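Notes follow once the structure below has been shown.
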Amino acid sequence: MIAIVNLSHHYTGVNLFDNISVHIHSGEKVGIVGKNGSGKTTLLNIISGKIQPEGGSVSIPKDSVVGFLEQDMSTLNNGILLEEAMNAVPEIIELRKKYDELNDKLANLTEYQDDVYNKYLIDIEKVSDRLQMLDSIKYDELVEKTLLGLGFERSDFHRHISELSGGWKMRVELAKILISRPDVILLDEPTNHLDIDSIRWLEEYLLLYKGIVIVVSHDRIFLDNVCTRTIEISAAKVYDFNGCYSKFEKWKDEMIESELNLQEKQNKEIAQIQQFVERFRYKATKAKQVQSRLIRLEKIKEVEVEVKDTSAITFQFLPAPPSGKVVLEARNLTKSYGEKNVFRNLEFDILRGESVAFVGKNGEGKSTLVKAVTGDIPFEGSLKVGHNVNIGYFAQNQADLLDPNKTVFQTIDDIATGEYRTKVRGILGCFLFKTDDLDKKVAILSGGERSRLAIACMLLNPFNLLIMDEPTNHLDMISKDILKNALLHFGGTMIIVSHDRDFLSGLSTRVFDFHNHTIKQYSGGIEEYLEHNKVSNIDEAMLLRKKQQAAVSKMTAKQENTTVSANRLQYEMQKETERQKKRLQKKIAEFEQLIEKKESEMKDVEILMNSGKADSKAEGILCENSGREIENEQATDR
């Protein structure tokens, strides 16, 4: 259990938490939501121990292991991908190495040394037992399954991590956390760099995970599919609801409405009391009643209503200039990087007014095609941009392309021309930049603030083909809703590259699915695509995957049982051999003692014989000895 008690914390003069308390129990899946800057990431940092709170405490069981996926990538080794993933549980790697070393030493013994031999056997058994406890036999399968589930191909396993983009490095970090199977998983915006298939796989993984999961996300569908509890951080307080995010939104709206009704009734009651007091304050006959109402007024505890934060970016795109009917025309469009073929022989038309969603796994060519359209990269084949088409482009890393040394105001002012130079402050205000923010350097802005500033830059020029590559990363839910509403009212043609299913819902009129160097087109919106894809691909793939996993698990279990049985049998045989050896050594010692005794008695008899006193006494000794020898022989036979 995680116990957060009376937590208080400030950041840059803002009160993030004011004496909040939350208890999270084992097995719970909790979604942390709230506007950008409300303290969600700070809370995860405090739970992980990276930040010490100014007040209160966070308690986690002493032996608990916490895995934390941060938004800002920690440094990874520049080794081989598979090796980095395998090192997620270093103990297994070290134990395997030790097991091999012990077996080599045992096999290379040149002389039979009882103590050394037994010590190696005992050490091997200890290592073997620990490996079995860590489920080492299935570890390789777990590593491979996790990497494949997060979108890596087997051909990627032996690539150097330094070759990967930031998004793929983030997947490596996520894979290591999942493979290590910690007691607590903290995820800060895990879906930002995942495609739809990988997000679905992660959802399934987390649903089966038995530990605590705490997720900060702005992905509604992901939160609904994974989390059974929602905690919102707002105005330094928390609102805790036992249910998914969609139900939380309804619950909070109903709670605020109920509080408003109670407040309205209370205000009416207070007004009536005050009216009575003012009317009869100076009448002696009503003095007692006036006094009673004044006492009643003092005892009324005012109903506090949660003030809903309605501040959000408010903007609309400039009217789209008219363009030709065919906005884009592709024929035999091909793009390769050396021997790597990204896509080949693409054929499609995009017409005026269409809204096309580009979906598919990362690396399948979505952003590459966008760059071909914008003229940023060369290609083979034909790609014609229609008559009077003006392109507005928001790149996936658009926020990172801003000059970090410029201020917020300078960033917009340097782009604005004509009448827009007088509207810079107003435009920035629409994107929630207050007067105090205008002189901030871009370098110190949060990811969400940089994304808002980058979108604001797009408003300064009219265009009729809008291309946005992952525009929702780092935007909170309210900002995403406002952006989506502005796109719905945009009068031109759109190409949206996104993995956010909720954002694309109702926004796209056609879907391009990128897969295996080509695209498959779907008429209708993302809902139709997901439904079709679920039936034809995902369910079948999941069924096949489950069958394969069941077969592998069965085979692995059989091999495991066979290996364990063989090892156990060998060990028992060795132990029995040692027991037999010890019994024989004991018998030999007993016989040696008996021989010494008999030899001593024989000497006594010889002395008697030599002294001429060989009488019945000596004869009795000989008979007695003979009888004992016969008894010992019979006992030995038994």
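Residue numbering restarts at 1 in every chain; chains get A, B, ... in the order shown in the structure tokens, and ligands count up from 1 in that same order.
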
Quick one: pick out all helix (DSSP H, G or I) residues within region 335-485 of chain A from a backbone DSSP run and write them as a count of residues only. 58

When you count only C-alpha atoms, which of these residues is closest to Arg510 (chain A): A:Asn485, A:Ser355, A:Asn388, A:Ser234?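 Ranking A:Asn485, A:Ser355, A:Asn388, A:Ser234 by distance to Arg510 (chain A), first place goes to A:Ser355.
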
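The coordinates place CA of Phe222 (chain A) at 15.0 Å from CA of Lys480 (chain A).
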
Counting only C-alpha atoms, which residues of region 121-183 of chain A sit at most 12 Å from some atom of region 95-100 of chain A, and what is each one's closest atom pair with its distance in Å to one decimal, listed by chain and rising residue number, as CSV?
```
residue,atom,partner,partner_atom,distance
A:Leu121,CA,A:Tyr99,CA,10.7
A:Ile122,CA,A:Tyr99,CA,11.5
A:Asp123,CA,A:Tyr99,CA,8.6
A:Ile124,CA,A:Tyr99,CA,6.2
A:Glu125,CA,A:Tyr99,CA,9.2
A:Lys126,CA,A:Tyr99,CA,9.5
A:Val127,CA,A:Tyr99,CA,6.4
A:Ser128,CA,A:Tyr99,CA,7.4
A:Asp129,CA,A:Leu95,CA,10.4
A:Arg130,CA,A:Leu95,CA,8.1
A:Leu131,CA,A:Leu95,CA,7.0
A:Gln132,CA,A:Leu95,CA,10.7
A:Met133,CA,A:Leu95,CA,11.7
A:Leu134,CA,A:Leu95,CA,10.2
A:Ser136,CA,A:Arg96,CA,8.7
A:Ile137,CA,A:Arg96,CA,10.5
A:Tyr139,CA,A:Arg96,CA,11.4
```

If you take only C-alpha atoms and a cut-off of 8 Å, which residues of region 262-347 of chain A touch region 441-462 of chain A, and what are their nearest atom pairs and distances in Å to one decimal, in chain and number order, as JSON lines?
```
{"residue": "A:Phe317", "atom": "CA", "partner": "A:Leu459", "partner_atom": "CA", "distance": 6.1}
{"residue": "A:Leu318", "atom": "CA", "partner": "A:Pro462", "partner_atom": "CA", "distance": 5.6}
{"residue": "A:Pro319", "atom": "CA", "partner": "A:Pro462", "partner_atom": "CA", "distance": 6.9}
{"residue": "A:Ala320", "atom": "CA", "partner": "A:Pro462", "partner_atom": "CA", "distance": 6.3}
{"residue": "A:Pro321", "atom": "CA", "partner": "A:Pro462", "partner_atom": "CA", "distance": 7.1}
```

Atoms to include: C-alpha atoms. Write the selected residues as a PDB file, in the first residue's frame.
```
ATOM      1  CA  PHE A 317      -7.833  28.966 -37.778  1.00  0.00           C
ATOM      2  CA  LEU A 318      -7.879  31.655 -40.408  1.00  0.00           C
ATOM      3  CA  PRO A 319     -10.333  31.117 -43.306  1.00  0.00           C
ATOM      4  CA  ALA A 320      -8.857  28.640 -45.783  1.00  0.00           C
ATOM      5  CA  PRO A 321      -8.156  30.122 -49.234  1.00  0.00           C
TER       6      PRO A 321
END
```

From the set A:Ala107, A:Lys35, A:Ile4, A:Ile526, which residue has the shortest atom-to-atom contact distance to Val58 (chain A), counting only C-alpha atoms?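 That would be A:Ile4, the residue with the smallest distance to Val58 (chain A).
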
List the spatial neighbours of Val33 (chain A) as a list in words - criterion: any atom at most 7 Å away, only C-alpha atoms, same-chain residues fewer than 3 positions off excluded. Lys40, Val216, Ser217, Ile231, Glu232 and Ile233 of chain A

Using the selection just defined, write its residues with N, CA and C atoms as a compact mmCIF listing (two decimals), in the first residue's frame.
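Saved as part.txt:
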```txt
# COMPACT_ATOMS: atom_id res chain seq x y z
N LYS A 40 0.87 16.92 -11.42
CA LYS A 40 0.79 15.47 -11.64
C LYS A 40 2.18 14.82 -11.66
N VAL A 216 -0.15 8.91 -15.20
CA VAL A 216 -0.49 10.28 -15.59
C VAL A 216 -0.70 10.27 -17.09
N SER A 217 -1.88 10.65 -17.54
CA SER A 217 -2.17 10.59 -18.98
C SER A 217 -3.27 11.57 -19.34
N ILE A 231 -7.93 10.07 -9.83
CA ILE A 231 -7.61 11.13 -8.87
C ILE A 231 -7.25 12.39 -9.66
N GLU A 232 -8.03 13.43 -9.48
CA GLU A 232 -7.76 14.70 -10.16
C GLU A 232 -7.07 15.65 -9.19
N ILE A 233 -6.03 16.32 -9.69
CA ILE A 233 -5.36 17.36 -8.92
C ILE A 233 -5.82 18.70 -9.47
```

Give me the residues within 7 Å of Pro53 (chain A) as an MDAnalysis selection string, counting only C-alpha atoms and dropping any in the same chain fewer than 2 places off. chainID A and resid 8:9 46 51 55:56

For region 314-353 of chain A versus region 488-508 of chain A, which residues have an atom no more than 12 Å away, and what is each residue's nearest atom pair and distance in Å rounded to one decimal, using only C-alpha atoms, chain-then-number order, as a tab-separated table?
```
residue	atom	partner	partner_atom	distance
A:Phe315	CA	A:His489	CA	10.7
A:Gln316	CA	A:Phe490	CA	7.7
A:Phe317	CA	A:Phe490	CA	6.2
A:Leu318	CA	A:Phe490	CA	8.0
A:Pro319	CA	A:Gly491	CA	6.5
A:Ala320	CA	A:Gly492	CA	5.3
A:Pro321	CA	A:Gly492	CA	7.8
A:Pro322	CA	A:Gly492	CA	8.1
A:Ser323	CA	A:Gly492	CA	8.5
A:Gly324	CA	A:Thr493	CA	10.9
A:Lys325	CA	A:Thr493	CA	10.4
A:Val326	CA	A:Thr493	CA	10.3
A:Val327	CA	A:Thr493	CA	7.8
A:Leu328	CA	A:Thr493	CA	10.1
A:Ile350	CA	A:Thr493	CA	8.5
A:Leu351	CA	A:Thr493	CA	7.6
A:Arg352	CA	A:Thr493	CA	5.6
A:Gly353	CA	A:Thr493	CA	4.5
```

Shell of 8 Å around region 65-72 of chain A, only C-alpha atoms, local chain residues under 5 positions omitted, as a ChimeraX atom specification: /A:48,173-174,177,182-190

Based on the backbone DSSP call, show me all residues of region 218-299 of chain A assigned strand (DSSP E), as a list in words.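 Residues of region 218-299 of chain A classed as strand (DSSP E): Arg229, Thr230, Ile231, Glu232, Ile233, Ser234, Lys237, Val238, Tyr239, Asp240 and Phe241 of chain A.
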
Export, as an mmCIF file, in the first residue's frame, the selected residues with C-alpha atoms.
```cif
data_model
loop_
_atom_site.group_PDB
_atom_site.id
_atom_site.type_symbol
_atom_site.label_atom_id
_atom_site.label_comp_id
_atom_site.auth_asym_id
_atom_site.auth_seq_id
_atom_site.Cartn_x
_atom_site.Cartn_y
_atom_site.Cartn_z
ATOM 1 C CA ARG A 229 -9.791 4.756 -9.968
ATOM 2 C CA THR A 230 -9.311 8.406 -10.902
ATOM 3 C CA ILE A 231 -7.611 11.134 -8.872
ATOM 4 C CA GLU A 232 -7.758 14.696 -10.159
ATOM 5 C CA ILE A 233 -5.358 17.363 -8.917
ATOM 6 C CA SER A 234 -6.942 20.803 -9.035
ATOM 7 C CA LYS A 237 -6.614 19.648 -3.763
ATOM 8 C CA VAL A 238 -7.416 16.127 -4.927
ATOM 9 C CA TYR A 239 -10.747 14.688 -6.031
ATOM 10 C CA ASP A 240 -10.760 10.932 -5.569
ATOM 11 C CA PHE A 241 -13.265 8.796 -7.479
#
```

Judged by only C-alpha atoms, the minimum distance to Leu432 (chain A) among A:Gly13, A:Ile47, A:Ile478, A:Gln272 is found for A:Ile478

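Take the candidates A:Gly31, A:Pro471, A:Gly151, A:Pro404 and check each one against Arg171 (chain A) using only C-alpha atoms; the shortest distance goes to A:Gly151.
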
Neighbour list for Glu204 (chain A) as an MDAnalysis selection string, cut-off 10 Å, only C-alpha atoms, skip fewer than 6 positions in-chain: chainID A and resid 198 225:226

Next, the residues of the selection above should be written as a PDB file, in the first residue's frame with all heavy atoms.
```pdb
ATOM      1  N   SER A 198       0.562  -0.727 -30.119  1.00  0.00           N
ATOM      2  CA  SER A 198       1.371  -0.825 -28.902  1.00  0.00           C
ATOM      3  C   SER A 198       0.590  -0.349 -27.680  1.00  0.00           C
ATOM      4  O   SER A 198       0.738  -0.907 -26.588  1.00  0.00           O
ATOM      5  CB  SER A 198       2.661  -0.012 -29.054  1.00  0.00           C
ATOM      6  OG  SER A 198       3.447  -0.512 -30.106  1.00  0.00           O
ATOM      7  N   ASN A 225      -9.687   2.329 -20.293  1.00  0.00           N
ATOM      8  CA  ASN A 225      -9.419   0.904 -20.476  1.00  0.00           C
ATOM      9  C   ASN A 225      -8.550   0.310 -19.382  1.00  0.00           C
ATOM     10  O   ASN A 225      -8.602  -0.900 -19.139  1.00  0.00           O
ATOM     11  CB  ASN A 225      -8.751   0.655 -21.833  1.00  0.00           C
ATOM     12  CG  ASN A 225      -9.710   0.851 -22.992  1.00  0.00           C
ATOM     13  OD1 ASN A 225     -10.925   0.885 -22.813  1.00  0.00           O
ATOM     14  ND2 ASN A 225      -9.176   0.991 -24.191  1.00  0.00           N
ATOM     15  N   VAL A 226      -7.742   1.142 -18.712  1.00  0.00           N
ATOM     16  CA  VAL A 226      -6.772   0.627 -17.735  1.00  0.00           C
ATOM     17  C   VAL A 226      -7.184   0.911 -16.293  1.00  0.00           C
ATOM     18  O   VAL A 226      -7.118   0.023 -15.435  1.00  0.00           O
ATOM     19  CB  VAL A 226      -5.368   1.219 -17.999  1.00  0.00           C
ATOM     20  CG1 VAL A 226      -4.406   0.855 -16.876  1.00  0.00           C
ATOM     21  CG2 VAL A 226      -4.827   0.717 -19.334  1.00  0.00           C
TER      22      VAL A 226
END
```

For Lys176 (chain A), list every protein, DNA or RNA residue within 7 Å, evaluated using only C-alpha atoms, and leave out those in the same chain fewer than 4 positions away; present the list as a PDB file with N, CA, C and O atoms, in the first residue's frame.
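out.pdb was written with the following content:
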```
ATOM      1  N   ALA A  85      17.642  -4.781 -22.653  1.00  0.00           N
ATOM      2  CA  ALA A  85      16.372  -5.297 -22.139  1.00  0.00           C
ATOM      3  C   ALA A  85      16.605  -6.469 -21.192  1.00  0.00           C
ATOM      4  O   ALA A  85      15.944  -6.577 -20.146  1.00  0.00           O
ATOM      5  N   ALA A  88      17.324  -5.858 -17.521  1.00  0.00           N
ATOM      6  CA  ALA A  88      16.264  -5.286 -16.675  1.00  0.00           C
ATOM      7  C   ALA A  88      16.241  -5.947 -15.307  1.00  0.00           C
ATOM      8  O   ALA A  88      15.887  -5.324 -14.302  1.00  0.00           O
ATOM      9  N   VAL A 172      12.258   1.459 -24.996  1.00  0.00           N
ATOM     10  CA  VAL A 172      13.226   0.570 -24.339  1.00  0.00           C
ATOM     11  C   VAL A 172      13.120   0.725 -22.827  1.00  0.00           C
ATOM     12  O   VAL A 172      13.119  -0.260 -22.080  1.00  0.00           O
ATOM     13  N   SER A 180      11.020  -6.033 -15.562  1.00  0.00           N
ATOM     14  CA  SER A 180      11.498  -6.175 -14.176  1.00  0.00           C
ATOM     15  C   SER A 180      10.379  -6.501 -13.193  1.00  0.00           C
ATOM     16  O   SER A 180      10.644  -6.893 -12.062  1.00  0.00           O
TER      17      SER A 180
END
```
